[in-house]
Amino acid sequence: MTTRINTDQFLLNALFMRPSFLLSLLLMTSALFAQDGGTLRGKVLIEEHSGEGFDGPQGNDEPEYIGLPGAYVRWSHDVTSTTVTDGFGFFKIKKANVGDTLLASMLGYNSAGWIFDGTSYVDIPLTAGVDLGVAEVVERKAATQFSLLSPLDVQSLNRKELAKAACCNLSEAFETNASVDASFTDAVTGTRQIRMLGLDGKYSQIQVDNLPGPRGLSAVRGLLFIPGDWVNEIHISKGAGTVTQGYESITGQINVALKNPETADPYHVNLYVNGSGRKELNYVSRHDVSRRWSTAVLIHGLHNEQLNDRNADGFLDTPMQQHFVGRNEWKFKGDRGIRGEYAVNYVNTASVAGQNSAFDDGADWGQWMGLMDSLSGPWSAITAIERFEVSAKTGFVFPDAEWRTIGTQWNFYNHDHQQRFGTKDYSGSEQFFRGNVLYSDIFGSTDRKFTVGATYVRNSFDETYIDNDTLRISPNRVEQIPGVFFEYTWNPNERLSMIGGIRYDQHNLFDRFVSPRFHARWSATENTSIKVAAGKGFRTSNQFMEQLGAWASQRQWNLNYYGLPVPEEATNFGVNVTSKFRLNYRDASLTLDGYSTQFQNKLVVDLDRSTNAIDFSNLDGKSFANSAQAEFNWDVHRRWDMRLAYRWVNAHTDRTPGNPTLDPFVSRHRAFGQFSYSSQLNEREGQWRSDITCQWIGAQRLPSTSDNPEAFQRPDMAPDFFQMNAQITRQVTPEFSIYAGVENALNYKQDRPILAATYDLGPPSSSDFDQYFDASLVYGPIFGRMLYAGLRWGILAPKVHS
């Protein structure tokens, strides 16, 4: 029988970056096992029924086959020889005598027997056991999933999890997640940044479809360019990640998998409005252009011209904004192992914030944006960003060896950023190009896999910083970094797997970067895994865009280093224990992890030395961040889910040699609880869903203001506080649902978040404002309770029946 193996799974895992790692020690060890004349290897196959498109596959003369995970394989005469196929359908078993019968079986399929003829490899196809006609299978998939088999500490959030909150953009997508925090950069612009393992999001490598995501000049604001309704899944990996993606991962990797021509529904619209006047439209559709080509169109628009000043301090609590983001992706599926993904993105955003008096009645949007050229009058903050990005991924799977793949990834963007905060004017432009070539294969068997490749990056920056019409600094640079990498995976048995990698990058400005990474998983039991991770990462700093909060103040920028800051270098170590079990006959899981990040070099940001300056210097001492987290998930009832978590963080940096201080704006203690309910589906497949998320944010250190007059001082420690978000959704039909919710339901607000602003004590003098104004000391919500509502409507993808 001639079969053609479906290669999609291997392409997505081997080419588009669920990679293996290298550890040279393991490589040498594996050579001892490269030849095993006493082992029979093979694969159990089933015929694939394509559910893609509206008309299904066209023009195929032969059936498509894919590997069957979890099938049982044994010799007919020896029950103790039983083995189980892996996630791709592969198995290995000790050879028997020629003429013995090898049996393959799986629930729902007819068992198959094969008479051993002395060969070393065999494919065994299984056929469906019983044809029951059309029977719909309803599966209750967990909204958040942990892998027991992967050596990486990965947590996956799917659409069900993202729909538990408004999730208007990526910076707000982690409201229901205990591993990643989101907080405001300042009390004026409404910009949110994320933190992971006690460190800013810039130390986590953020990717979009396994290509570089927000970084460089978009390290913080780039989160706004990824609408939550575009996201299909988010994969959060703690610890130093894969070396195939570069050297920048330090605390982890966050890969955002967008809806694409395969995963998007044929048509989807989401409308959203909230109490601050923010209105959003999200549109996603996919189209099958031909048998080989399909495309997806994604559009996002945001508009807000409402003036909000609930705390009567004379400043807008939320910015006025206009955003447009568009994306078009094409996917190619050839008949001879060729696959391709090609996308183009465009971003055009603008926001205006500041003192109320800057926005007189009758002023239109054009006049507000005209404030960009004005250095006089009321204090305002104006930002305008335009970005264009193209990407291409092409891969080939060898027909006779589907574990052997070769692929390329190309990514280019041009990012223009202009902003003016008070008398400070900034103009920045960044061009980024990255090419990545990868080759994946095995050493003798699928238990020993490797990926080798080369990368070239060119990143240019052209920045200008002006204060009061005086040029302060123009830090321009061009980075060119060729690099090579090698990764290796070893799976000696079902209980143990190891992946390791090393990459070498030659930086034209900072010499060489050597980044080793290692991950290992040992299954103590079938449902309990222990994982360890270690690795080193590097990154270059872009201080102006990574410290957005300081722009909303009168602080002067002091760059206390000669030339360029040294690249940041850190080593991360971690351990994770995940156990899945049954509690009161219901599924439950407990995850415990601890991570330590130790910096060898770091750009130190000091807000304590002076209340009217932000000082930058290269690390001269120690800097570290240690964190530990416990998370418990339980399906309390078939309609109730529960998640509880607690995290402890200890982050210190020597801002002067030998004088360690707690990093500001980092809570040492944080507790998290989430409760979800779903009613039973009615005859129209409608239901009610509700979600409540509660957080306790412990005390956090604030930068010192002791040098200010008493009226403009803040305590050194911010108080702890509680936050609660809730949402209720009415799914009328599978195609249409409406939702309403509340953020910060307890209405907690930071008291007087802006120093030297106008409060009920009366406006400060102009000299006080010029000297002490600071809106960057933000640790909690500004706006207070926020109500929102929206609707989702679309044409869903056809259901797959079995």
# chains A, B, ... in the order shown; residues from 1 in each chain; ligands from 1
$ residues_around --residues "range 310-318 of chain A" --least-positions-apart "6" --cutoff "6 Å" --atoms "only C-alpha atoms" --output "NGL selection string"
:A and (190 or 354-356 or 757-759 or 783)
$ write_last_selection --atoms "N, CA and C atoms" --output "CSV table (one decimal), in the first residue's frame"
chain,number,residue,atom,x,y,z
A,190,GLY,N,-2.2,56.3,30.3
A,190,GLY,CA,-3.0,55.1,30.3
A,190,GLY,C,-2.3,53.9,29.7
A,354,GLY,N,-3.1,65.0,29.1
A,354,GLY,CA,-2.5,66.1,29.8
A,354,GLY,C,-3.5,66.9,30.6
A,355,GLN,N,-3.2,68.2,30.8
A,355,GLN,CA,-4.1,69.1,31.6
A,355,GLN,C,-5.4,69.4,30.9
A,356,ASN,N,-6.5,69.4,31.6
A,356,ASN,CA,-7.8,69.7,31.0
A,356,ASN,C,-7.8,71.0,30.2
A,757,ALA,N,0.0,68.6,40.9
A,757,ALA,CA,-1.2,68.8,40.1
A,757,ALA,C,-2.2,69.6,40.8
A,758,THR,N,-3.3,70.0,40.1
A,758,THR,CA,-4.3,70.8,40.7
A,758,THR,C,-5.3,70.0,41.5
A,759,TYR,N,-5.3,70.1,42.8
A,759,TYR,CA,-6.3,69.4,43.7
A,759,TYR,C,-7.2,70.4,44.4
A,783,PHE,N,-8.4,55.5,37.3
A,783,PHE,CA,-9.8,55.9,36.9
A,783,PHE,C,-10.9,55.4,37.8
$ closest_residue --among "A:Arg638, A:His415, A:Lys164, A:Arg159" --to "Arg689 in chain A" --atoms "only C-alpha atoms"
A:Lys164
$ closest_atom_pairs --of "range 159-268 of chain A" --to "range 376-384 of chain A" --cutoff "12 Å" --atoms "only C-alpha atoms" --output "CSV"
residue,atom,partner,partner_atom,distance
A:Asp186,CA,A:Ala381,CA,11.5
A:Ala187,CA,A:Ala381,CA,11.4
A:Val188,CA,A:Ala381,CA,7.9
A:Thr189,CA,A:Ala381,CA,7.4
A:Gly190,CA,A:Ala381,CA,11.2
A:Thr191,CA,A:Thr383,CA,11.3
A:Arg221,CA,A:Thr383,CA,10.5
$ write_last_selection --atoms "all heavy atoms" --output "PDB file, in the first residue's frame"
ATOM      1  N   ASP A 186       2.251  55.324  33.990  1.00  0.00           N
ATOM      2  CA  ASP A 186       2.116  56.676  34.527  1.00  0.00           C
ATOM      3  C   ASP A 186       0.642  56.967  34.723  1.00  0.00           C
ATOM      4  O   ASP A 186      -0.229  56.150  34.387  1.00  0.00           O
ATOM      5  CB  ASP A 186       2.749  57.707  33.582  1.00  0.00           C
ATOM      6  CG  ASP A 186       2.164  57.646  32.188  1.00  0.00           C
ATOM      7  OD1 ASP A 186       1.071  58.199  31.986  1.00  0.00           O
ATOM      8  OD2 ASP A 186       2.794  57.038  31.290  1.00  0.00           O
ATOM      9  N   ALA A 187       0.358  58.149  35.265  1.00  0.00           N
ATOM     10  CA  ALA A 187      -1.017  58.534  35.582  1.00  0.00           C
ATOM     11  C   ALA A 187      -1.645  59.388  34.496  1.00  0.00           C
ATOM     12  O   ALA A 187      -2.713  59.961  34.716  1.00  0.00           O
ATOM     13  CB  ALA A 187      -1.043  59.291  36.912  1.00  0.00           C
ATOM     14  N   VAL A 188      -1.018  59.472  33.316  1.00  0.00           N
ATOM     15  CA  VAL A 188      -1.497  60.372  32.266  1.00  0.00           C
ATOM     16  C   VAL A 188      -1.873  59.626  30.999  1.00  0.00           C
ATOM     17  O   VAL A 188      -2.979  59.780  30.477  1.00  0.00           O
ATOM     18  CB  VAL A 188      -0.434  61.448  31.950  1.00  0.00           C
ATOM     19  CG1 VAL A 188      -0.886  62.317  30.790  1.00  0.00           C
ATOM     20  CG2 VAL A 188      -0.166  62.307  33.178  1.00  0.00           C
ATOM     21  N   THR A 189      -0.978  58.807  30.483  1.00  0.00           N
ATOM     22  CA  THR A 189      -1.161  58.238  29.146  1.00  0.00           C
ATOM     23  C   THR A 189      -2.000  56.966  29.120  1.00  0.00           C
ATOM     24  O   THR A 189      -2.432  56.539  28.049  1.00  0.00           O
ATOM     25  CB  THR A 189       0.198  57.922  28.507  1.00  0.00           C
ATOM     26  OG1 THR A 189       0.845  56.874  29.245  1.00  0.00           O
ATOM     27  CG2 THR A 189       1.085  59.162  28.500  1.00  0.00           C
ATOM     28  N   GLY A 190      -2.230  56.311  30.267  1.00  0.00           N
ATOM     29  CA  GLY A 190      -2.993  55.070  30.284  1.00  0.00           C
ATOM     30  C   GLY A 190      -2.253  53.884  29.704  1.00  0.00           C
ATOM     31  O   GLY A 190      -2.861  52.834  29.464  1.00  0.00           O
ATOM     32  N   THR A 191      -0.951  54.005  29.485  1.00  0.00           N
ATOM     33  CA  THR A 191      -0.157  52.922  28.900  1.00  0.00           C
ATOM     34  C   THR A 191       0.121  51.850  29.952  1.00  0.00           C
ATOM     35  O   THR A 191       0.481  52.168  31.080  1.00  0.00           O
ATOM     36  CB  THR A 191       1.172  53.456  28.353  1.00  0.00           C
ATOM     37  OG1 THR A 191       0.904  54.504  27.414  1.00  0.00           O
ATOM     38  CG2 THR A 191       1.954  52.357  27.674  1.00  0.00           C
ATOM     39  N   ARG A 221       4.876  50.190  24.209  1.00  0.00           N
ATOM     40  CA  ARG A 221       3.669  50.553  23.483  1.00  0.00           C
ATOM     41  C   ARG A 221       3.269  49.522  22.434  1.00  0.00           C
ATOM     42  O   ARG A 221       2.116  49.498  21.986  1.00  0.00           O
ATOM     43  CB  ARG A 221       3.836  51.919  22.822  1.00  0.00           C
ATOM     44  CG  ARG A 221       3.634  53.088  23.781  1.00  0.00           C
ATOM     45  CD  ARG A 221       3.477  54.392  23.012  1.00  0.00           C
ATOM     46  NE  ARG A 221       3.149  55.493  23.889  1.00  0.00           N
ATOM     47  CZ  ARG A 221       1.910  55.853  24.226  1.00  0.00           C
ATOM     48  NH1 ARG A 221       0.897  55.173  23.753  1.00  0.00           N
ATOM     49  NH2 ARG A 221       1.698  56.865  25.019  1.00  0.00           N
TER      50      ARG A 221
END
$ residues_around --residues "Ala128 in chain A" --least-positions-apart "6" --cutoff "7 Å" --atoms "only C-alpha atoms" --output "ChimeraX atom specification"
/A:108-110
$ write_last_selection --atoms "N, CA and C atoms" --output "mmCIF file, in the first residue's frame"
data_model
loop_
_atom_site.group_PDB
_atom_site.id
_atom_site.type_symbol
_atom_site.label_atom_id
_atom_site.label_comp_id
_atom_site.auth_asym_id
_atom_site.auth_seq_id
_atom_site.Cartn_x
_atom_site.Cartn_y
_atom_site.Cartn_z
ATOM 1 N N GLY A 108 -11.592 2.625 19.174
ATOM 2 C CA GLY A 108 -12.273 3.289 18.071
ATOM 3 C C GLY A 108 -11.748 2.907 16.706
ATOM 4 N N TYR A 109 -10.681 2.072 16.658
ATOM 5 C CA TYR A 109 -10.094 1.663 15.387
ATOM 6 C C TYR A 109 -9.953 0.143 15.364
ATOM 7 N N ASN A 110 -9.991 -0.415 14.145
ATOM 8 C CA ASN A 110 -9.748 -1.837 13.990
ATOM 9 C C ASN A 110 -8.283 -2.136 14.252
#
$ select_by_dssp --residues "range 717-795 of chain A" --states "strand (DSSP E or B)" --output "PyMOL selection string"
chain A and resi 717-718+721-733+736-743+755+759+762+774+786-795
$ residues_around --residues "Phe433 in chain A" --least-positions-apart "2" --cutoff "7 Å" --atoms "only C-alpha atoms" --output "list in words"
Asn411, Phe412, Tyr413, Gln431, Gly435, Val457, Arg458 and Asn459 of chain A
